[in-house]
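What follows is run-v8.cif (mmCIF, C-alpha atoms).
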```cif
data_final
loop_
_atom_site.group_PDB
_atom_site.id
_atom_site.type_symbol
_atom_site.label_atom_id
_atom_site.label_comp_id
_atom_site.auth_asym_id
_atom_site.auth_seq_id
_atom_site.Cartn_x
_atom_site.Cartn_y
_atom_site.Cartn_z
ATOM 1 C CA MET A 1 188.990 24.943 88.260
ATOM 2 C CA THR A 2 187.243 26.714 91.119
ATOM 3 C CA LEU A 3 186.254 25.165 94.420
ATOM 4 C CA SER A 4 182.717 25.451 95.732
ATOM 5 C CA ASN A 5 182.098 26.955 99.157
ATOM 6 C CA ALA A 6 181.350 23.475 100.518
ATOM 7 C CA ALA A 7 184.659 22.160 99.175
ATOM 8 C CA VAL A 8 186.620 25.055 100.707
ATOM 9 C CA TYR A 9 184.809 24.454 104.002
ATOM 10 C CA VAL A 10 185.796 20.747 103.948
ATOM 11 C CA LEU A 11 189.411 21.595 103.095
ATOM 12 C CA ILE A 12 189.804 24.224 105.856
ATOM 13 C CA THR A 13 187.906 22.257 108.503
ATOM 14 C CA THR A 14 189.864 19.071 107.819
ATOM 15 C CA PHE A 15 193.140 20.989 107.859
ATOM 16 C CA LEU A 16 192.413 22.715 111.187
ATOM 17 C CA ALA A 17 191.015 19.616 112.921
ATOM 18 C CA SER A 18 193.951 17.515 111.672
ATOM 19 C CA ALA A 19 196.425 20.239 112.707
ATOM 20 C CA VAL A 20 195.327 19.839 116.360
ATOM 21 C CA GLU A 21 196.166 16.119 116.219
ATOM 22 C CA ALA A 22 199.372 16.797 114.264
ATOM 23 C CA ILE A 23 200.569 19.233 116.963
ATOM 24 C CA GLU A 24 200.288 16.452 119.566
ATOM 25 C CA MET A 25 202.109 14.019 117.228
ATOM 26 C CA VAL A 26 204.960 16.417 116.415
ATOM 27 C CA THR A 27 205.312 17.543 120.061
ATOM 28 C CA ILE A 28 205.957 13.940 121.117
ATOM 29 C CA VAL A 29 208.406 13.175 118.282
ATOM 30 C CA VAL A 30 210.390 16.433 118.763
ATOM 31 C CA GLY A 31 210.352 16.192 122.575
ATOM 32 C CA VAL A 32 211.470 12.556 122.599
ATOM 33 C CA GLY A 33 214.050 13.213 119.858
ATOM 34 C CA ALA A 34 215.610 16.143 121.727
ATOM 35 C CA THR A 35 215.695 14.173 124.992
ATOM 36 C CA ARG A 36 216.663 10.624 123.919
ATOM 37 C CA GLY A 37 218.173 11.011 120.437
ATOM 38 C CA TRP A 38 216.843 11.921 117.000
ATOM 39 C CA ARG A 39 217.690 8.700 115.173
ATOM 40 C CA SER A 40 215.536 6.484 117.388
ATOM 41 C CA SER A 41 212.696 8.994 117.622
ATOM 42 C CA LEU A 42 212.558 9.565 113.842
ATOM 43 C CA THR A 43 212.896 5.827 113.137
ATOM 44 C CA GLY A 44 209.941 5.205 115.459
ATOM 45 C CA ALA A 45 207.959 7.964 113.743
ATOM 46 C CA ALA A 46 208.804 6.543 110.290
ATOM 47 C CA ALA A 47 207.746 3.041 111.405
ATOM 48 C CA GLY A 48 204.515 4.574 112.741
ATOM 49 C CA PHE A 49 203.815 6.197 109.359
ATOM 50 C CA VAL A 50 204.486 2.896 107.553
ATOM 51 C CA LEU A 51 202.007 1.049 109.810
ATOM 52 C CA LEU A 52 199.559 3.918 109.380
ATOM 53 C CA ALA A 53 199.841 3.729 105.576
ATOM 54 C CA VAL A 54 199.266 -0.055 105.656
ATOM 55 C CA VAL A 55 196.203 0.363 107.913
ATOM 56 C CA ILE A 56 194.756 3.215 105.823
ATOM 57 C CA VAL A 57 195.320 1.462 102.481
ATOM 58 C CA GLY A 58 194.062 -1.842 103.893
ATOM 59 C CA LEU A 59 190.933 -0.540 105.562
ATOM 60 C CA GLY A 60 190.047 2.567 103.554
ATOM 61 C CA ALA A 61 186.675 3.942 104.616
ATOM 62 C CA ALA A 62 186.264 0.988 107.014
ATOM 63 C CA LEU A 63 188.751 2.836 109.273
ATOM 64 C CA SER A 64 185.832 4.121 111.314
ATOM 65 C CA HIS A 65 185.373 0.552 112.663
ATOM 66 C CA ILE A 66 188.750 0.612 114.473
ATOM 67 C CA PRO A 67 188.068 0.550 118.256
ATOM 68 C CA ILE A 68 189.598 3.997 118.836
ATOM 69 C CA GLY A 69 188.498 4.048 122.506
ATOM 70 C CA ALA A 70 190.549 0.940 123.326
ATOM 71 C CA LEU A 71 193.515 2.307 121.343
ATOM 72 C CA ARG A 72 193.341 5.630 123.230
ATOM 73 C CA THR A 73 193.185 3.812 126.571
ATOM 74 C CA VAL A 74 196.202 1.592 125.904
ATOM 75 C CA VAL A 75 198.405 4.263 124.298
ATOM 76 C CA GLY A 76 197.289 6.914 126.819
ATOM 77 C CA ALA A 77 197.965 4.651 129.818
ATOM 78 C CA LEU A 78 201.452 3.759 128.553
ATOM 79 C CA LEU A 79 202.305 7.415 127.851
ATOM 80 C CA LEU A 80 200.946 8.420 131.273
ATOM 81 C CA ILE A 81 203.007 5.776 133.111
ATOM 82 C CA PHE A 82 206.179 6.599 131.197
ATOM 83 C CA GLY A 83 205.521 10.351 131.373
ATOM 84 C CA LEU A 84 205.183 10.121 135.155
ATOM 85 C CA GLN A 85 208.630 8.498 135.394
ATOM 86 C CA TRP A 86 210.168 11.422 133.484
ATOM 87 C CA PHE A 87 208.028 13.880 135.454
ATOM 88 C CA THR A 88 209.478 12.704 138.791
ATOM 89 C CA LYS A 89 213.058 12.376 137.453
ATOM 90 C CA GLY A 90 212.758 15.821 135.851
ATOM 91 C CA VAL A 91 211.571 17.408 139.115
ATOM 92 C CA ARG A 92 214.465 15.784 141.045
ATOM 93 C CA ARG A 93 217.100 16.809 138.477
ATOM 94 C CA VAL A 94 215.871 20.377 138.008
ATOM 95 C CA ALA A 95 215.605 20.772 141.801
ATOM 96 C CA ALA A 96 219.211 19.566 142.177
ATOM 97 C CA ARG A 97 220.791 21.422 139.227
ATOM 98 C CA GLY A 98 218.488 24.350 138.625
ATOM 99 C CA PHE A 99 217.042 25.350 135.273
ATOM 100 C CA ALA A 100 220.523 25.926 133.823
ATOM 101 C CA GLY A 101 221.253 22.159 133.932
ATOM 102 C CA MET A 102 224.594 20.418 134.433
ATOM 103 C CA ARG A 103 226.934 20.008 131.484
ATOM 104 C CA GLU A 104 228.832 16.802 132.447
ATOM 105 C CA GLN A 105 225.746 14.734 133.142
ATOM 106 C CA GLU A 106 224.097 16.072 130.034
ATOM 107 C CA LEU A 107 226.988 14.913 127.864
ATOM 108 C CA GLU A 108 226.934 11.508 129.548
ATOM 109 C CA ASP A 109 223.202 11.158 128.905
ATOM 110 C CA HIS A 110 223.703 12.407 125.339
ATOM 111 C CA HIS A 111 226.288 9.717 124.575
ATOM 112 C CA ALA A 112 224.158 7.034 126.203
ATOM 113 C CA ALA A 113 221.246 8.084 124.025
ATOM 114 C CA HIS A 114 223.278 7.611 120.832
ATOM 115 C CA ARG A 115 224.409 4.004 121.300
ATOM 116 C CA GLY A 116 222.330 1.986 118.802
ATOM 117 C CA ILE A 117 218.558 2.227 118.697
ATOM 118 C CA ASP A 118 216.944 3.526 121.866
ATOM 119 C CA TRP A 119 213.785 1.395 121.922
ATOM 120 C CA THR A 120 212.098 3.614 124.491
ATOM 121 C CA ALA A 121 212.358 6.620 122.153
ATOM 122 C CA PHE A 122 211.326 4.426 119.222
ATOM 123 C CA VAL A 123 208.182 3.148 120.978
ATOM 124 C CA LEU A 124 207.137 6.580 122.291
ATOM 125 C CA SER A 125 207.350 8.201 118.837
ATOM 126 C CA PHE A 126 205.827 5.163 117.133
ATOM 127 C CA LYS A 127 202.789 5.212 119.429
ATOM 128 C CA GLY A 128 202.344 8.969 119.136
ATOM 129 C CA VAL A 129 202.393 8.809 115.329
ATOM 130 C CA VAL A 130 200.083 5.767 115.081
ATOM 131 C CA LEU A 131 197.442 7.083 117.510
ATOM 132 C CA GLU A 132 197.418 10.662 116.224
ATOM 133 C CA GLY A 133 197.710 9.491 112.613
ATOM 134 C CA ILE A 134 194.653 7.267 113.025
ATOM 135 C CA GLU A 135 192.794 10.208 114.573
ATOM 136 C CA VAL A 136 193.725 12.348 111.540
ATOM 137 C CA ALA A 137 192.513 9.517 109.274
ATOM 138 C CA PHE A 138 189.213 9.416 111.246
ATOM 139 C CA ILE A 139 188.787 13.169 110.748
ATOM 140 C CA VAL A 140 189.527 12.861 107.033
ATOM 141 C CA VAL A 141 187.081 9.971 106.559
ATOM 142 C CA SER A 142 184.329 11.646 108.662
ATOM 143 C CA PHE A 143 184.503 15.093 107.045
ATOM 144 C CA GLY A 144 185.289 13.785 103.565
ATOM 145 C CA ALA A 145 182.624 11.070 103.436
ATOM 146 C CA ASN A 146 179.892 13.277 104.934
ATOM 147 C CA ALA A 147 180.522 16.046 102.395
ATOM 148 C CA ASN A 148 181.310 13.618 99.563
ATOM 149 C CA GLN A 149 184.725 15.335 99.218
ATOM 150 C CA LEU A 150 187.129 12.593 100.336
ATOM 151 C CA GLY A 151 189.921 13.759 98.007
ATOM 152 C CA LEU A 152 189.931 17.303 99.418
ATOM 153 C CA ALA A 153 189.702 15.990 102.973
ATOM 154 C CA VAL A 154 192.798 13.821 102.346
ATOM 155 C CA ILE A 155 194.637 16.923 101.044
ATOM 156 C CA GLY A 156 193.607 18.878 104.168
ATOM 157 C CA GLY A 157 194.762 16.089 106.538
ATOM 158 C CA VAL A 158 198.095 15.465 104.786
ATOM 159 C CA ALA A 159 198.756 19.222 104.502
ATOM 160 C CA ALA A 160 198.232 19.630 108.265
ATOM 161 C CA ILE A 161 200.799 16.917 109.050
ATOM 162 C CA VAL A 162 203.298 18.364 106.535
ATOM 163 C CA VAL A 163 202.902 21.972 107.815
ATOM 164 C CA ILE A 164 203.063 21.083 111.525
ATOM 165 C CA GLY A 165 205.917 18.631 110.847
ATOM 166 C CA GLY A 166 207.775 21.424 109.034
ATOM 167 C CA ILE A 167 207.310 23.751 112.000
ATOM 168 C CA GLY A 168 208.599 20.963 114.288
ATOM 169 C CA ALA A 169 211.688 20.521 112.090
ATOM 170 C CA ALA A 170 212.272 24.292 112.082
ATOM 171 C CA VAL A 171 212.180 24.625 115.891
ATOM 172 C CA HIS A 172 214.116 21.446 116.761
ATOM 173 C CA ARG A 173 217.463 23.272 117.021
ATOM 174 C CA ALA A 174 216.006 25.754 119.490
ATOM 175 C CA VAL A 175 214.607 22.830 121.504
ATOM 176 C CA MET A 176 218.096 21.207 121.562
ATOM 177 C CA ARG A 177 219.497 24.290 123.338
ATOM 178 C CA ILE A 178 217.295 23.623 126.385
ATOM 179 C CA PRO A 179 219.251 21.802 129.156
ATOM 180 C CA ARG A 180 218.442 18.083 129.106
ATOM 181 C CA SER A 181 217.205 17.958 132.698
ATOM 182 C CA VAL A 182 214.714 20.749 131.945
ATOM 183 C CA LEU A 183 213.768 19.094 128.660
ATOM 184 C CA GLN A 184 213.136 15.803 130.459
ATOM 185 C CA LEU A 185 210.814 17.615 132.852
ATOM 186 C CA VAL A 186 208.985 19.434 130.029
ATOM 187 C CA VAL A 187 208.554 16.246 127.970
ATOM 188 C CA GLY A 188 207.508 14.359 131.125
ATOM 189 C CA VAL A 189 204.831 16.976 131.838
ATOM 190 C CA MET A 190 203.640 16.825 128.206
ATOM 191 C CA LEU A 191 203.518 13.008 128.062
ATOM 192 C CA THR A 192 201.653 12.990 131.400
ATOM 193 C CA THR A 193 199.191 15.538 129.978
ATOM 194 C CA PHE A 194 198.528 13.654 126.723
ATOM 195 C CA GLY A 195 198.477 10.324 128.567
ATOM 196 C CA THR A 196 195.923 11.592 131.104
ATOM 197 C CA PHE A 197 193.703 13.055 128.390
ATOM 198 C CA TRP A 198 193.774 10.083 126.012
ATOM 199 C CA SER A 199 193.494 7.315 128.607
ATOM 200 C CA LEU A 200 190.513 8.933 130.357
ATOM 201 C CA GLU A 201 188.852 9.750 127.043
ATOM 202 C CA GLY A 202 189.401 6.117 126.049
ATOM 203 C CA VAL A 203 187.599 4.733 129.121
ATOM 204 C CA GLY A 204 184.613 6.998 128.463
ATOM 205 C CA VAL A 205 185.300 9.996 130.717
ATOM 206 C CA ASP A 206 183.932 13.310 129.401
ATOM 207 C CA TRP A 207 186.335 16.245 129.683
ATOM 208 C CA PRO A 208 184.642 19.488 130.765
ATOM 209 C CA ALA A 209 186.216 21.571 127.979
ATOM 210 C CA GLY A 210 186.686 18.887 125.300
ATOM 211 C CA ASP A 211 190.072 19.033 123.523
ATOM 212 C CA ALA A 212 190.799 22.407 125.201
ATOM 213 C CA SER A 213 191.149 20.479 128.470
ATOM 214 C CA ILE A 214 194.632 19.490 127.255
ATOM 215 C CA LEU A 215 195.730 23.109 127.711
ATOM 216 C CA TRP A 216 194.563 23.493 131.289
ATOM 217 C CA LEU A 217 195.826 19.997 132.177
ATOM 218 C CA LEU A 218 199.223 21.093 130.842
ATOM 219 C CA GLY A 219 199.090 24.262 132.943
ATOM 220 C CA PHE A 220 198.005 22.319 136.023
ATOM 221 C CA TYR A 221 200.811 19.734 135.728
ATOM 222 C CA ALA A 222 203.366 22.497 135.059
ATOM 223 C CA LEU A 223 202.219 24.211 138.268
ATOM 224 C CA VAL A 224 202.486 20.914 140.179
ATOM 225 C CA ALA A 225 206.034 20.407 138.826
ATOM 226 C CA LEU A 226 207.122 23.943 139.802
ATOM 227 C CA THR A 227 205.627 23.526 143.290
ATOM 228 C CA TYR A 228 207.445 20.214 143.863
ATOM 229 C CA ILE A 229 210.711 21.696 142.501
ATOM 230 C CA ALA A 230 210.423 24.563 145.010
ATOM 231 C CA LEU A 231 209.732 22.099 147.858
ATOM 232 C CA GLU A 232 212.605 19.811 146.762
ATOM 233 C CA ARG A 233 215.036 22.735 146.572
ATOM 234 C CA ARG A 234 214.132 23.820 150.106
ATOM 235 C CA ARG A 235 214.707 20.238 151.275
ATOM 236 C CA LEU A 236 217.950 19.768 149.301
ATOM 237 C CA PHE A 237 219.475 22.982 150.527
ATOM 238 C CA GLY A 238 218.567 22.251 154.131
ATOM 239 C CA LEU A 239 215.879 24.862 154.563
ATOM 240 C CA VAL A 240 213.475 22.199 155.852
ATOM 241 C CA PRO A 241 214.235 18.685 157.144
ATOM 242 C CA ALA A 242 213.366 15.760 154.850
ATOM 243 C CA ALA A 243 210.108 14.045 155.878
ATOM 244 C CA MET B 1 222.983 -22.492 130.195
ATOM 245 C CA THR B 2 222.955 -20.745 126.835
ATOM 246 C CA ARG B 3 219.689 -19.386 125.511
ATOM 247 C CA THR B 4 218.658 -19.805 121.907
ATOM 248 C CA ARG B 5 218.144 -16.647 119.855
ATOM 249 C CA PRO B 6 214.287 -16.722 119.928
ATOM 250 C CA ILE B 7 214.344 -17.132 123.721
ATOM 251 C CA ARG B 8 216.797 -14.226 124.053
ATOM 252 C CA TRP B 9 214.490 -12.095 121.894
ATOM 253 C CA ILE B 10 211.436 -12.970 123.983
ATOM 254 C CA VAL B 11 213.301 -12.276 127.236
ATOM 255 C CA ALA B 12 214.655 -8.966 125.875
ATOM 256 C CA PHE B 13 211.172 -7.987 124.636
ATOM 257 C CA ALA B 14 209.593 -8.798 128.009
ATOM 258 C CA MET B 15 212.375 -6.939 129.872
ATOM 259 C CA PHE B 16 211.903 -3.882 127.648
ATOM 260 C CA TRP B 17 208.194 -3.657 128.448
ATOM 261 C CA TYR B 18 208.850 -4.343 132.127
ATOM 262 C CA ARG B 19 211.341 -1.451 132.260
ATOM 263 C CA PHE B 20 209.064 0.761 130.146
ATOM 264 C CA ILE B 21 206.005 0.227 132.346
ATOM 265 C CA VAL B 22 207.430 -0.437 135.800
ATOM 266 C CA GLY B 23 210.666 1.571 135.552
ATOM 267 C CA ASP B 24 212.252 2.475 138.904
ATOM 268 C CA ASP B 25 208.979 2.641 140.813
ATOM 269 C CA TRP B 26 206.204 0.070 140.326
ATOM 270 C CA THR B 27 203.767 2.161 142.382
ATOM 271 C CA LEU B 28 203.416 4.713 139.542
ATOM 272 C CA ALA B 29 202.112 2.047 137.131
ATOM 273 C CA ALA B 30 199.926 0.461 139.840
ATOM 274 C CA ALA B 31 198.372 3.809 140.786
ATOM 275 C CA VAL B 32 197.609 4.606 137.121
ATOM 276 C CA ALA B 33 196.063 1.149 136.556
ATOM 277 C CA VAL B 34 193.851 1.433 139.645
ATOM 278 C CA GLY B 35 192.930 5.037 138.785
ATOM 279 C CA LEU B 36 191.903 4.118 135.231
ATOM 280 C CA ALA B 37 189.884 1.101 136.409
ATOM 281 C CA VAL B 38 188.005 3.246 138.960
ATOM 282 C CA SER B 39 187.517 6.028 136.374
ATOM 283 C CA ALA B 40 186.137 3.562 133.800
ATOM 284 C CA THR B 41 183.725 2.041 136.334
ATOM 285 C CA LEU B 42 182.422 5.371 137.609
ATOM 286 C CA ALA B 43 182.277 6.976 134.134
ATOM 287 C CA SER B 44 179.998 4.147 132.980
ATOM 288 C CA ARG B 45 177.646 5.187 135.812
ATOM 289 C CA HIS B 46 177.766 8.827 134.620
ATOM 290 C CA VAL B 47 179.816 10.033 137.616
ATOM 291 C CA VAL B 48 182.005 13.115 136.924
ATOM 292 C CA ILE B 49 185.431 11.571 137.470
ATOM 293 C CA TRP B 50 187.893 13.408 135.160
ATOM 294 C CA TRP B 51 189.679 14.838 138.236
ATOM 295 C CA LEU B 52 190.766 11.449 139.664
ATOM 296 C CA ILE B 53 193.872 10.779 137.516
ATOM 297 C CA PRO B 54 195.214 14.374 137.894
ATOM 298 C CA ALA B 55 194.740 13.991 141.677
ATOM 299 C CA ILE B 56 196.546 10.623 141.607
ATOM 300 C CA VAL B 57 199.410 12.235 139.659
ATOM 301 C CA VAL B 58 199.837 14.894 142.361
ATOM 302 C CA VAL B 59 199.904 12.263 145.124
ATOM 303 C CA VAL B 60 202.203 9.684 143.448
ATOM 304 C CA VAL B 61 204.755 12.302 142.349
ATOM 305 C CA GLY B 62 204.837 13.640 145.929
ATOM 306 C CA LEU B 63 205.269 10.135 147.386
ATOM 307 C CA ASP B 64 207.996 9.278 144.853
ATOM 308 C CA LEU B 65 209.938 12.441 145.729
ATOM 309 C CA ARG B 66 209.542 11.704 149.427
ATOM 310 C CA ARG B 67 210.881 8.156 148.967
ATOM 311 C CA ALA B 68 213.837 9.467 146.930
ATOM 312 C CA SER B 69 214.552 12.042 149.637
ATOM 313 C CA ARG B 70 214.563 9.342 152.342
ATOM 314 C CA ALA B 71 216.823 7.115 150.223
ATOM 315 C CA ARG B 72 219.367 9.966 149.904
ATOM 316 C CA ARG B 73 219.692 10.311 153.675
#
```
Full structure transcribed into structure tokens:
Amino acid sequence: MTLSNAAVYVLITTFLASAVEAIEMVTIVVGVGATRGWRSSLTGAAAGFVLLAVVIVGLGAALSHIPIGALRTVVGALLLIFGLQWFTKGVRRVAARGFAGMREQELEDHHAAHRGIDWTAFVLSFKGVVLEGIEVAFIVVSFGANANQLGLAVIGGVAAIVVIGGIGAAVHRAVMRIPRSVLQLVVGVMLTTFGTFWSLEGVGVDWPAGDASILWLLGFYALVALTYIALERRRLFGLVPAA
Amino acid sequence: MTRTRPIRWIVAFAMFWYRFIVGDDWTLAAAVAVGLAVSATLASRHVVIWWLIPAIVVVVVGLDLRRASRARR
């Protein structure tokens, strides 16, 4: 069986568009897992996929009627608020300990993160999977229905999640080697970035560069974090008096 | 007074969301809520407002660090 040019176009376009959403999903699950514990993060992600499957099977092509703007606003606002808490804690900890981290506190945090289910990690991963999964489903339904190639679009969307998820699984050990204070800062900056983007998109704000705005938002927040770390270090080590 | 299991669940659920949203500093959540409300209002009037939340982030992180620095002294 050979695929027509239109079918190949649907498959590739759906895969690439879904891959962008899958990168955001996997970044959250891996970042939260490395910072707060894998069991809770993966359980939250699994619960998100179960809900997603129920919604997709239940609604089918009627998925496009889900109020995605409201969903983006709520999930984005919660990620932004929580991300900001990690952002500020991460700046304080990295300023105090440097980018090499501090072993004793890390171990303490590590043990704390492994007592039972960490509901914060669960909820963060759950929300990331549900929101991004629904966006992938939207892409699949839009591209697939318009081209009358829903089956191929589903293959493209699922393949994107599997491939990006596989890359996430492959790099998770490297991520675990990053000191926890630095990881908390990095995940805080990422959650703040995604939260800013989604919540503003949800309330109807147009981003100047579309989805690419995520990249410069990430760069901007990283620069803000580095600037505050430099200022905090000067203050901590007595180079300037505290305000 | 002992609480029944459903009451304990409701209290625990409410406390979880309180800690998740408010955390150590309620001003972060308040600033985000106000920023999003203003952004939504102005966006509906076609005002270019994407910069407001990033600007709020810069200010609230700075204020939070300043408060933490004062608390250490």
Using only the atoms of stretch 22-39 of chain B listed in the file, plus 4 Å on each side, state the axis-aligned box centre and edge lengths in Å rounded to one decimal, as lines of an AutoDock Vina configuration file.
```
center_x = 199.9
center_y = 2.8
center_z = 138.8
size_x = 32.7
size_y = 14.5
size_z = 15.2
```
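Residue nearest chain B within the list A:Val224, A:Ile28, A:Val57, A:Val94: A:Val224 [criterion: smallest interatomic distance, all atoms listed in the file].
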Legend entry - Output check: residues returned by the PyMOL selection byres ((chain B) within 6 of (chain A)), as a PyMOL selection string: chain B and resi 29+40+43+61
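Pairwise distance (atom CA of A:Ser41, atom CA of A:Val171) equals 15.7 Å.
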Inset, instruction - Work out how far atom CA of B:Arg19 is from atom CA of A:His172, in Å to one decimal. - result: 27.8 Å
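In this model, the gap between atom CA of B:Thr27 and atom CA of B:Val60 comes to 7.8 Å.
With distances restricted to all atoms listed in the file, A:Ala46 is the closest residue to A:Val130 from A:Ala46, A:Leu223, A:Ile12, A:Ala6.
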Legend entry - 12 Å contact set for A:Ala137, only C-alpha atoms, chain neighbours under 2 positions out, as a ChimeraX atom specification: /A:14-15,17-19,21-22,49,52-53,55-57,59-66,68,129-135,139-145,150,153-158,160-161
Store the residues of this selection in a file with C-alpha atoms, as a JSON list (two decimals), keeping the file's coordinate frame.
```json
[["chain", "number", "residue", "atom", "x", "y", "z"],
["A", 14, "THR", "CA", 189.86, 19.07, 107.82],
["A", 15, "PHE", "CA", 193.14, 20.99, 107.86],
["A", 17, "ALA", "CA", 191.02, 19.62, 112.92],
["A", 18, "SER", "CA", 193.95, 17.52, 111.67],
["A", 19, "ALA", "CA", 196.42, 20.24, 112.71],
["A", 21, "GLU", "CA", 196.17, 16.12, 116.22],
["A", 22, "ALA", "CA", 199.37, 16.80, 114.26],
["A", 49, "PHE", "CA", 203.82, 6.20, 109.36],
["A", 52, "LEU", "CA", 199.56, 3.92, 109.38],
["A", 53, "ALA", "CA", 199.84, 3.73, 105.58],
["A", 55, "VAL", "CA", 196.20, 0.36, 107.91],
["A", 56, "ILE", "CA", 194.76, 3.22, 105.82],
["A", 57, "VAL", "CA", 195.32, 1.46, 102.48],
["A", 59, "LEU", "CA", 190.93, -0.54, 105.56],
["A", 60, "GLY", "CA", 190.05, 2.57, 103.55],
["A", 61, "ALA", "CA", 186.68, 3.94, 104.62],
["A", 62, "ALA", "CA", 186.26, 0.99, 107.01],
["A", 63, "LEU", "CA", 188.75, 2.84, 109.27],
["A", 64, "SER", "CA", 185.83, 4.12, 111.31],
["A", 65, "HIS", "CA", 185.37, 0.55, 112.66],
["A", 66, "ILE", "CA", 188.75, 0.61, 114.47],
["A", 68, "ILE", "CA", 189.60, 4.00, 118.84],
["A", 129, "VAL", "CA", 202.39, 8.81, 115.33],
["A", 130, "VAL", "CA", 200.08, 5.77, 115.08],
["A", 131, "LEU", "CA", 197.44, 7.08, 117.51],
["A", 132, "GLU", "CA", 197.42, 10.66, 116.22],
["A", 133, "GLY", "CA", 197.71, 9.49, 112.61],
["A", 134, "ILE", "CA", 194.65, 7.27, 113.02],
["A", 135, "GLU", "CA", 192.79, 10.21, 114.57],
["A", 139, "ILE", "CA", 188.79, 13.17, 110.75],
["A", 140, "VAL", "CA", 189.53, 12.86, 107.03],
["A", 141, "VAL", "CA", 187.08, 9.97, 106.56],
["A", 142, "SER", "CA", 184.33, 11.65, 108.66],
["A", 143, "PHE", "CA", 184.50, 15.09, 107.04],
["A", 144, "GLY", "CA", 185.29, 13.78, 103.56],
["A", 145, "ALA", "CA", 182.62, 11.07, 103.44],
["A", 150, "LEU", "CA", 187.13, 12.59, 100.34],
["A", 153, "ALA", "CA", 189.70, 15.99, 102.97],
["A", 154, "VAL", "CA", 192.80, 13.82, 102.35],
["A", 155, "ILE", "CA", 194.64, 16.92, 101.04],
["A", 156, "GLY", "CA", 193.61, 18.88, 104.17],
["A", 157, "GLY", "CA", 194.76, 16.09, 106.54],
["A", 158, "VAL", "CA", 198.10, 15.46, 104.79],
["A", 160, "ALA", "CA", 198.23, 19.63, 108.26],
["A", 161, "ILE", "CA", 200.80, 16.92, 109.05]]
```
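For stretch 175-177 of chain A, the list of residues within 10 Å, based on only C-alpha atoms and with local chain neighbours fewer than 5 positions off taken out, reads A:Val30, A:Gly31, A:Gly33, A:Ala34, A:Thr35, A:Gly168, A:Ala170, A:Leu183.
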Give me stretch 195-209 of chain A with N, CA and C atoms filled in, as a PDB file, in the coordinates of the input.
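That gives us out-v3.pdb:
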```pdb
ATOM      1  N   GLY A 195     198.856  11.644 128.054  1.00  0.00           N
ATOM      2  CA  GLY A 195     198.477  10.324 128.567  1.00  0.00           C
ATOM      3  C   GLY A 195     197.217  10.400 129.413  1.00  0.00           C
ATOM      4  N   THR A 196     197.123  11.422 130.279  1.00  0.00           N
ATOM      5  CA  THR A 196     195.923  11.592 131.104  1.00  0.00           C
ATOM      6  C   THR A 196     194.703  11.801 130.217  1.00  0.00           C
ATOM      7  N   PHE A 197     194.832  12.707 129.258  1.00  0.00           N
ATOM      8  CA  PHE A 197     193.703  13.055 128.390  1.00  0.00           C
ATOM      9  C   PHE A 197     193.226  11.848 127.584  1.00  0.00           C
ATOM     10  N   TRP A 198     194.172  11.191 126.895  1.00  0.00           N
ATOM     11  CA  TRP A 198     193.774  10.083 126.012  1.00  0.00           C
ATOM     12  C   TRP A 198     193.241   8.893 126.797  1.00  0.00           C
ATOM     13  N   SER A 199     193.926   8.524 127.889  1.00  0.00           N
ATOM     14  CA  SER A 199     193.494   7.315 128.607  1.00  0.00           C
ATOM     15  C   SER A 199     192.101   7.515 129.202  1.00  0.00           C
ATOM     16  N   LEU A 200     191.840   8.703 129.774  1.00  0.00           N
ATOM     17  CA  LEU A 200     190.513   8.933 130.357  1.00  0.00           C
ATOM     18  C   LEU A 200     189.443   9.041 129.265  1.00  0.00           C
ATOM     19  N   GLU A 201     189.797   9.677 128.154  1.00  0.00           N
ATOM     20  CA  GLU A 201     188.852   9.750 127.043  1.00  0.00           C
ATOM     21  C   GLU A 201     188.533   8.332 126.537  1.00  0.00           C
ATOM     22  N   GLY A 202     189.577   7.489 126.525  1.00  0.00           N
ATOM     23  CA  GLY A 202     189.401   6.117 126.049  1.00  0.00           C
ATOM     24  C   GLY A 202     188.456   5.294 126.910  1.00  0.00           C
ATOM     25  N   VAL A 203     188.482   5.527 128.245  1.00  0.00           N
ATOM     26  CA  VAL A 203     187.599   4.733 129.121  1.00  0.00           C
ATOM     27  C   VAL A 203     186.217   5.372 129.256  1.00  0.00           C
ATOM     28  N   GLY A 204     185.966   6.442 128.506  1.00  0.00           N
ATOM     29  CA  GLY A 204     184.613   6.998 128.463  1.00  0.00           C
ATOM     30  C   GLY A 204     184.376   8.204 129.349  1.00  0.00           C
ATOM     31  N   VAL A 205     185.462   8.804 129.875  1.00  0.00           N
ATOM     32  CA  VAL A 205     185.300   9.996 130.717  1.00  0.00           C
ATOM     33  C   VAL A 205     185.110  11.224 129.820  1.00  0.00           C
ATOM     34  N   ASP A 206     184.139  12.070 130.165  1.00  0.00           N
ATOM     35  CA  ASP A 206     183.932  13.310 129.401  1.00  0.00           C
ATOM     36  C   ASP A 206     184.752  14.432 130.017  1.00  0.00           C
ATOM     37  N   TRP A 207     185.548  15.115 129.178  1.00  0.00           N
ATOM     38  CA  TRP A 207     186.335  16.245 129.683  1.00  0.00           C
ATOM     39  C   TRP A 207     185.464  17.494 129.648  1.00  0.00           C
ATOM     40  N   PRO A 208     185.533  18.330 130.700  1.00  0.00           N
ATOM     41  CA  PRO A 208     184.642  19.488 130.765  1.00  0.00           C
ATOM     42  C   PRO A 208     184.799  20.465 129.595  1.00  0.00           C
ATOM     43  N   ALA A 209     186.009  20.602 129.065  1.00  0.00           N
ATOM     44  CA  ALA A 209     186.216  21.571 127.979  1.00  0.00           C
ATOM     45  C   ALA A 209     186.625  20.889 126.684  1.00  0.00           C
TER      46      ALA A 209
END
```
